[in-house]
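The file target.tsv comes next; it holds TSV, C-alpha atoms.
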chain	number	residue	atom	x	y	z
A	1	MET	CA	112.31	79.96	117.33
A	2	ILE	CA	114.46	83.08	117.03
A	3	ARG	CA	113.48	85.21	114.04
A	4	ALA	CA	116.50	86.94	112.49
A	5	GLY	CA	117.35	89.31	109.69
A	6	VAL	CA	120.67	89.95	107.96
A	7	ILE	CA	121.67	93.30	106.50
A	8	THR	CA	124.78	93.51	104.35
A	9	VAL	CA	126.24	97.00	104.20
A	10	SER	CA	128.18	97.37	100.96
A	11	ASP	CA	128.24	100.03	98.27
A	12	LYS	CA	129.41	97.51	95.67
A	13	GLY	CA	127.01	94.80	96.84
A	14	SER	CA	124.01	97.13	96.77
A	15	ALA	CA	124.97	98.23	93.24
A	16	GLY	CA	125.15	94.60	92.07
A	17	LEU	CA	128.92	94.78	91.55
A	18	ARG	CA	129.81	92.22	94.24
A	19	GLU	CA	128.17	88.98	95.33
A	20	ASP	CA	126.97	89.05	98.94
A	21	LEU	CA	129.06	86.19	100.33
A	22	SER	CA	129.11	87.59	103.89
A	23	GLY	CA	125.33	87.87	104.15
A	24	LEU	CA	124.96	84.33	102.82
A	25	GLU	CA	127.50	83.01	105.33
A	26	VAL	CA	125.84	84.81	108.26
A	27	ALA	CA	122.40	83.55	107.24
A	28	ARG	CA	123.74	79.98	106.94
A	29	LEU	CA	125.31	80.11	110.41
A	30	LEU	CA	122.12	81.46	111.96
A	31	GLU	CA	120.00	78.79	110.26
A	32	ASP	CA	122.48	76.09	111.32
A	33	SER	CA	121.87	77.33	114.88
A	34	SER	CA	118.11	76.74	114.53
A	35	MET	CA	117.23	80.37	113.91
A	36	GLU	CA	114.82	81.42	111.19
A	37	VAL	CA	116.27	84.02	108.81
A	38	VAL	CA	113.12	85.79	107.64
A	39	CYS	CA	114.73	88.59	105.63
A	40	ARG	CA	118.00	89.67	104.06
A	41	ASP	CA	118.89	92.95	102.40
A	42	ILE	CA	121.91	94.68	100.93
A	43	VAL	CA	122.20	98.43	101.50
A	44	PRO	CA	124.84	101.02	100.60
A	45	ASP	CA	127.19	102.56	103.17
A	46	GLU	CA	124.77	105.44	103.84
A	47	LYS	CA	123.91	106.19	107.46
A	48	ASP	CA	120.28	107.15	106.82
A	49	VAL	CA	119.65	103.99	104.76
A	50	ILE	CA	121.26	101.75	107.39
A	51	ARG	CA	119.30	103.41	110.20
A	52	ARG	CA	115.99	103.04	108.33
A	53	LYS	CA	116.65	99.36	107.62
A	54	LEU	CA	117.59	98.66	111.26
A	55	VAL	CA	114.41	100.38	112.46
A	56	GLU	CA	112.32	98.50	109.88
A	57	TYR	CA	113.71	95.12	110.96
A	58	ALA	CA	113.30	95.89	114.68
A	59	ASP	CA	110.09	97.91	114.83
A	60	GLU	CA	108.07	96.91	111.78
A	61	LYS	CA	109.16	93.28	111.30
A	62	GLY	CA	109.59	92.69	115.05
A	63	LEU	CA	112.67	90.50	114.61
A	64	ASP	CA	114.45	89.07	117.63
A	65	LEU	CA	117.90	89.49	116.10
A	66	VAL	CA	119.35	91.70	113.39
A	67	VAL	CA	122.89	90.99	112.22
A	68	THR	CA	124.73	93.42	109.99
A	69	THR	CA	127.84	92.61	108.03
A	70	GLY	CA	130.16	95.25	106.65
A	71	GLY	CA	131.08	98.84	107.36
A	72	THR	CA	132.66	98.24	110.77
A	73	GLY	CA	136.22	99.39	110.04
A	74	VAL	CA	137.94	102.74	110.08
A	75	GLY	CA	137.55	103.73	106.43
A	76	PRO	CA	135.70	106.88	105.42
A	77	ARG	CA	132.59	104.91	104.35
A	78	ASP	CA	132.58	102.55	107.37
A	79	ILE	CA	129.61	103.90	109.32
A	80	THR	CA	127.56	100.85	110.33
A	81	PRO	CA	128.42	101.13	114.07
A	82	ASP	CA	127.59	104.83	114.00
A	83	ALA	CA	124.17	104.17	112.46
A	84	THR	CA	123.60	101.35	114.95
A	85	LEU	CA	124.43	103.57	117.93
A	86	GLU	CA	121.86	106.09	116.71
A	87	VAL	CA	118.99	103.57	116.78
A	88	ILE	CA	119.72	101.39	119.82
A	89	GLU	CA	118.45	102.13	123.31
A	90	LYS	CA	121.04	100.07	125.23
A	91	GLN	CA	124.55	99.06	124.29
A	92	VAL	CA	125.82	95.51	124.78
A	93	PRO	CA	129.56	96.22	124.67
A	94	GLY	CA	130.63	92.68	125.57
A	95	ILE	CA	129.71	91.45	122.10
A	96	GLY	CA	132.13	93.71	120.23
A	97	GLU	CA	134.75	93.32	122.95
A	98	ALA	CA	134.60	89.53	122.74
A	99	MET	CA	134.87	89.53	118.96
A	100	ARG	CA	137.90	91.84	119.03
A	101	MET	CA	139.60	89.96	121.88
A	102	LYS	CA	139.18	86.53	120.30
A	103	GLY	CA	139.91	87.98	116.86
A	104	LEU	CA	143.32	89.18	118.07
A	105	GLU	CA	144.30	85.52	118.40
A	106	ILE	CA	143.77	85.27	114.63
A	107	THR	CA	144.89	88.65	113.28
A	108	PRO	CA	146.10	92.02	114.58
A	109	TYR	CA	143.58	93.60	112.19
A	110	SER	CA	140.88	92.70	114.70
A	111	LEU	CA	141.74	95.98	116.41
A	112	ILE	CA	140.42	97.87	113.39
A	113	SER	CA	136.88	96.67	113.98
A	114	ARG	CA	134.46	99.14	115.55
A	115	ALA	CA	131.66	96.55	115.58
A	116	THR	CA	129.09	97.23	118.24
A	117	ALA	CA	125.87	95.68	119.49
A	118	GLY	CA	122.81	96.86	121.28
A	119	ILE	CA	119.11	96.57	121.94
A	120	ARG	CA	116.23	98.39	120.29
A	121	GLY	CA	112.94	97.48	121.91
A	122	CYS	CA	113.05	93.68	122.04
A	123	THR	CA	115.53	93.33	119.18
A	124	LEU	CA	119.24	92.60	119.54
A	125	ILE	CA	121.36	94.24	116.83
A	126	VAL	CA	124.88	92.90	116.21
A	127	ASN	CA	127.47	94.32	113.79
A	128	LEU	CA	129.94	91.99	112.08
A	129	PRO	CA	132.85	92.72	109.75
A	130	GLY	CA	132.30	92.54	106.00
A	131	SER	CA	134.58	89.73	104.89
A	132	PRO	CA	132.96	86.28	104.92
A	133	LYS	CA	135.82	84.86	107.01
A	134	ALA	CA	135.74	87.66	109.60
A	135	ALA	CA	131.93	87.61	109.74
A	136	ARG	CA	131.95	83.84	110.31
A	137	GLU	CA	134.64	84.10	113.00
A	138	GLY	CA	132.91	86.99	114.78
A	139	LEU	CA	129.48	85.39	114.75
A	140	SER	CA	130.90	82.04	115.90
A	141	ILE	CA	132.36	83.77	118.97
A	142	VAL	CA	129.06	85.29	120.15
A	143	LEU	CA	126.53	82.83	118.72
A	144	PRO	CA	126.40	80.54	121.79
A	145	ALA	CA	125.26	83.46	124.00
A	146	LEU	CA	122.65	84.91	121.64
A	147	PRO	CA	119.62	82.69	122.46
A	148	HIS	CA	120.00	83.33	126.19
A	149	MET	CA	120.56	87.04	125.60
A	150	ILE	CA	117.43	87.28	123.46
A	151	LEU	CA	115.38	85.52	126.15
A	152	LYS	CA	116.62	88.07	128.69
A	153	ILE	CA	115.81	90.98	126.37
A	154	LYS	CA	112.27	89.65	126.11
A	155	GLY	CA	111.97	89.60	129.90
A	156	ASP	CA	112.75	86.01	130.86
A	157	PRO	CA	112.90	86.05	134.68
A	158	SER	CA	114.94	82.86	135.15
A	159	GLU	CA	118.35	83.03	136.78
A	160	CYS	CA	121.44	83.32	134.61
A	161	ALA	CA	123.55	80.25	135.26
A	162	ALA	CA	126.95	79.62	133.75
A	163	SER	CA	127.08	76.38	131.83
What do you get writing this file as structure tokens?
Amino acid sequence: MIRAGVITVSDKGSAGLREDLSGLEVARLLEDSSMEVVCRDIVPDEKDVIRRKLVEYADEKGLDLVVTTGGTGVGPRDITPDATLEVIEKQVPGIGEAMRMKGLEITPYSLISRATAGIRGCTLIVNLPGSPKAAREGLSIVLPALPHMILKIKGDPSECAAS
């Protein structure tokens, strides 16, 4: 079973001023896909805090998948992709590209997203937007590929076959 963690990046959420609907939605979708969500946290839009939490989930908790929600736009406090790029060892650009491409069919605001994804050790890290609707849509786009991707990250030698 894939072990996952969800990190919500939100100044208001971390201060208790906003309910974490996005993190709840992401966790629900992962669990509905037979993944085990073993931890969830809410952190402020602070690069050092985000980096530390990503490293904790990947290195200390040894999770297979870490999904962030929030902080992927172009606002002054939107720094989740920047923090992610500082801790990953390999980028997986197709994840963000797919979410933006499919998202354009729904809204032109998809272009605002700077969501990224990458690998740290044996952990896949994926950034999602902060709204529950956008997080659900983005995760739904990439979710079918995640189990196979995680197997490959862990060294599965089987051939990749299109289904």
Point to revise | From A:Val87, A:Ala145, A:Val55, A:Met99, residue lying nearest A:Ile112 [all atoms listed in the file] | key: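 Looking at the shortest contact to A:Ile112, the residue is A:Met99.
For the pair atom CA of A:Asp32 and atom CA of A:Gly118, the interatomic distance is 23.0 Å.
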Around all the atoms of stretch 47-65 of chain A listed in the file, with 4 Å of room on each side, what axis-aligned box do you get, giving centre and edge lengths in Å to one decimal, as AutoDock Vina command-line options?
--center_x 116.0 --center_y 98.1 --center_z 111.2 --size_x 23.8 --size_y 26.1 --size_z 20.9
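For the residues A:Val6, A:Leu17, A:Ile95, A:Leu29, ranking by smallest atom-to-atom distance to A:Thr116 using all atoms listed in the file places A:Ile95 first.
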Exercise for review: Extract, using only C-alpha atoms, all DNA, RNA and protein residues at most 10 Å from A:Ile106, discarding same-chain residues fewer than 6 positions from it, and format them as a list in words.
Suggested key: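 Contacts, with the query itself left out: Arg100, Ala134 and Glu137 of chain A.
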**Study point:** Nearest-residue call for A:Gly94, choices A:Asp82, A:Val126, A:Asp20, A:Arg51, using all atoms listed in the file
**Key:** A:Val126
Point to revise | Shell of 8 Å around A:Ala83, all atoms listed in the file, local chain residues under 5 positions omitted, as a VMD selection string | key: chain A and resid 47 to 48 50 to 51
Check your understanding: Between A:Ser158, A:Ser131, A:Ser140, A:Ser10, which has the minimum distance to A:Asp78 (counting only C-alpha atoms)?
Key -> A:Ser10
**Study point:** Proximity to A:Ile79 - best of A:Leu30, A:Val9, A:Ala15, A:Val66, only C-alpha atoms
**Key:** A:Val9
Review point. For A:Val37, which of A:Glu89, A:Glu105, A:Asp64, A:Asp11 is the closest residue, counting all atoms listed in the file?
Key: A:Asp64
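Here atom CA of A:Ile119 and atom CA of A:Glu19 stand 29.1 Å from one another.
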Review point. To one decimal place, how far is atom CA of A:Gln91 from atom CA of A:Ala117 in Å?
Key: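 Here the two named atoms are 6.0 Å from each other.
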Hey, could you patch up stretch 77-102 of chain A with N, CA and C atoms and hand it over as a PDB file, in the frame of the given file?
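Saved the output as selection29.pdb:
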ATOM      1  N   ARG A  77     133.973 105.352 104.588  1.00  0.00           N
ATOM      2  CA  ARG A  77     132.590 104.910 104.350  1.00  0.00           C
ATOM      3  C   ARG A  77     132.118 103.882 105.377  1.00  0.00           C
ATOM      4  N   ASP A  78     132.943 103.531 106.341  1.00  0.00           N
ATOM      5  CA  ASP A  78     132.580 102.550 107.370  1.00  0.00           C
ATOM      6  C   ASP A  78     131.789 103.231 108.477  1.00  0.00           C
ATOM      7  N   ILE A  79     130.446 103.173 108.382  1.00  0.00           N
ATOM      8  CA  ILE A  79     129.610 103.900 109.320  1.00  0.00           C
ATOM      9  C   ILE A  79     128.507 103.026 109.936  1.00  0.00           C
ATOM     10  N   THR A  80     128.586 101.721 109.767  1.00  0.00           N
ATOM     11  CA  THR A  80     127.560 100.850 110.330  1.00  0.00           C
ATOM     12  C   THR A  80     127.450 100.977 111.853  1.00  0.00           C
ATOM     13  N   PRO A  81     128.558 100.964 112.614  1.00  0.00           N
ATOM     14  CA  PRO A  81     128.420 101.130 114.070  1.00  0.00           C
ATOM     15  C   PRO A  81     127.805 102.475 114.448  1.00  0.00           C
ATOM     16  N   ASP A  82     128.128 103.508 113.704  1.00  0.00           N
ATOM     17  CA  ASP A  82     127.590 104.830 114.000  1.00  0.00           C
ATOM     18  C   ASP A  82     126.076 104.859 113.803  1.00  0.00           C
ATOM     19  N   ALA A  83     125.612 104.251 112.713  1.00  0.00           N
ATOM     20  CA  ALA A  83     124.170 104.170 112.460  1.00  0.00           C
ATOM     21  C   ALA A  83     123.494 103.315 113.529  1.00  0.00           C
ATOM     22  N   THR A  84     124.151 102.234 113.925  1.00  0.00           N
ATOM     23  CA  THR A  84     123.600 101.350 114.950  1.00  0.00           C
ATOM     24  C   THR A  84     123.454 102.092 116.274  1.00  0.00           C
ATOM     25  N   LEU A  85     124.478 102.829 116.667  1.00  0.00           N
ATOM     26  CA  LEU A  85     124.430 103.570 117.930  1.00  0.00           C
ATOM     27  C   LEU A  85     123.306 104.599 117.951  1.00  0.00           C
ATOM     28  N   GLU A  86     122.936 105.103 116.789  1.00  0.00           N
ATOM     29  CA  GLU A  86     121.860 106.090 116.710  1.00  0.00           C
ATOM     30  C   GLU A  86     120.466 105.488 116.889  1.00  0.00           C
ATOM     31  N   VAL A  87     120.330 104.167 116.689  1.00  0.00           N
ATOM     32  CA  VAL A  87     118.990 103.570 116.780  1.00  0.00           C
ATOM     33  C   VAL A  87     118.801 102.674 118.007  1.00  0.00           C
ATOM     34  N   ILE A  88     119.883 102.272 118.658  1.00  0.00           N
ATOM     35  CA  ILE A  88     119.720 101.390 119.820  1.00  0.00           C
ATOM     36  C   ILE A  88     119.405 102.202 121.071  1.00  0.00           C
ATOM     37  N   GLU A  89     118.792 101.514 122.032  1.00  0.00           N
ATOM     38  CA  GLU A  89     118.450 102.130 123.310  1.00  0.00           C
ATOM     39  C   GLU A  89     119.446 101.742 124.406  1.00  0.00           C
ATOM     40  N   LYS A  90     120.040 100.567 124.280  1.00  0.00           N
ATOM     41  CA  LYS A  90     121.040 100.070 125.230  1.00  0.00           C
ATOM     42  C   LYS A  90     122.175  99.458 124.447  1.00  0.00           C
ATOM     43  N   GLN A  91     123.398  99.717 124.880  1.00  0.00           N
ATOM     44  CA  GLN A  91     124.550  99.060 124.290  1.00  0.00           C
ATOM     45  C   GLN A  91     124.798  97.722 124.980  1.00  0.00           C
ATOM     46  N   VAL A  92     125.354  96.782 124.224  1.00  0.00           N
ATOM     47  CA  VAL A  92     125.820  95.510 124.780  1.00  0.00           C
ATOM     48  C   VAL A  92     127.291  95.398 124.374  1.00  0.00           C
ATOM     49  N   PRO A  93     128.168  96.116 125.094  1.00  0.00           N
ATOM     50  CA  PRO A  93     129.560  96.220 124.670  1.00  0.00           C
ATOM     51  C   PRO A  93     130.333  94.905 124.685  1.00  0.00           C
ATOM     52  N   GLY A  94     129.907  93.949 125.496  1.00  0.00           N
ATOM     53  CA  GLY A  94     130.630  92.680 125.570  1.00  0.00           C
ATOM     54  C   GLY A  94     130.698  91.943 124.252  1.00  0.00           C
ATOM     55  N   ILE A  95     129.710  92.156 123.384  1.00  0.00           N
ATOM     56  CA  ILE A  95     129.710  91.450 122.100  1.00  0.00           C
ATOM     57  C   ILE A  95     130.890  91.907 121.238  1.00  0.00           C
ATOM     58  N   GLY A  96     131.016  93.196 121.032  1.00  0.00           N
ATOM     59  CA  GLY A  96     132.130  93.710 120.230  1.00  0.00           C
ATOM     60  C   GLY A  96     133.474  93.435 120.891  1.00  0.00           C
ATOM     61  N   GLU A  97     133.514  93.583 122.217  1.00  0.00           N
ATOM     62  CA  GLU A  97     134.750  93.320 122.950  1.00  0.00           C
ATOM     63  C   GLU A  97     135.197  91.879 122.774  1.00  0.00           C
ATOM     64  N   ALA A  98     134.257  90.944 122.884  1.00  0.00           N
ATOM     65  CA  ALA A  98     134.600  89.530 122.740  1.00  0.00           C
ATOM     66  C   ALA A  98     135.102  89.215 121.339  1.00  0.00           C
ATOM     67  N   MET A  99     134.437  89.793 120.332  1.00  0.00           N
ATOM     68  CA  MET A  99     134.870  89.530 118.960  1.00  0.00           C
ATOM     69  C   MET A  99     136.277  90.078 118.718  1.00  0.00           C
ATOM     70  N   ARG A 100     136.559  91.276 119.221  1.00  0.00           N
ATOM     71  CA  ARG A 100     137.900  91.840 119.030  1.00  0.00           C
ATOM     72  C   ARG A 100     138.949  91.057 119.806  1.00  0.00           C
ATOM     73  N   MET A 101     138.645  90.688 121.047  1.00  0.00           N
ATOM     74  CA  MET A 101     139.600  89.960 121.880  1.00  0.00           C
ATOM     75  C   MET A 101     139.952  88.605 121.259  1.00  0.00           C
ATOM     76  N   LYS A 102     138.941  87.846 120.900  1.00  0.00           N
ATOM     77  CA  LYS A 102     139.180  86.530 120.300  1.00  0.00           C
ATOM     78  C   LYS A 102     139.810  86.691 118.907  1.00  0.00           C
TER      79      LYS A 102
END
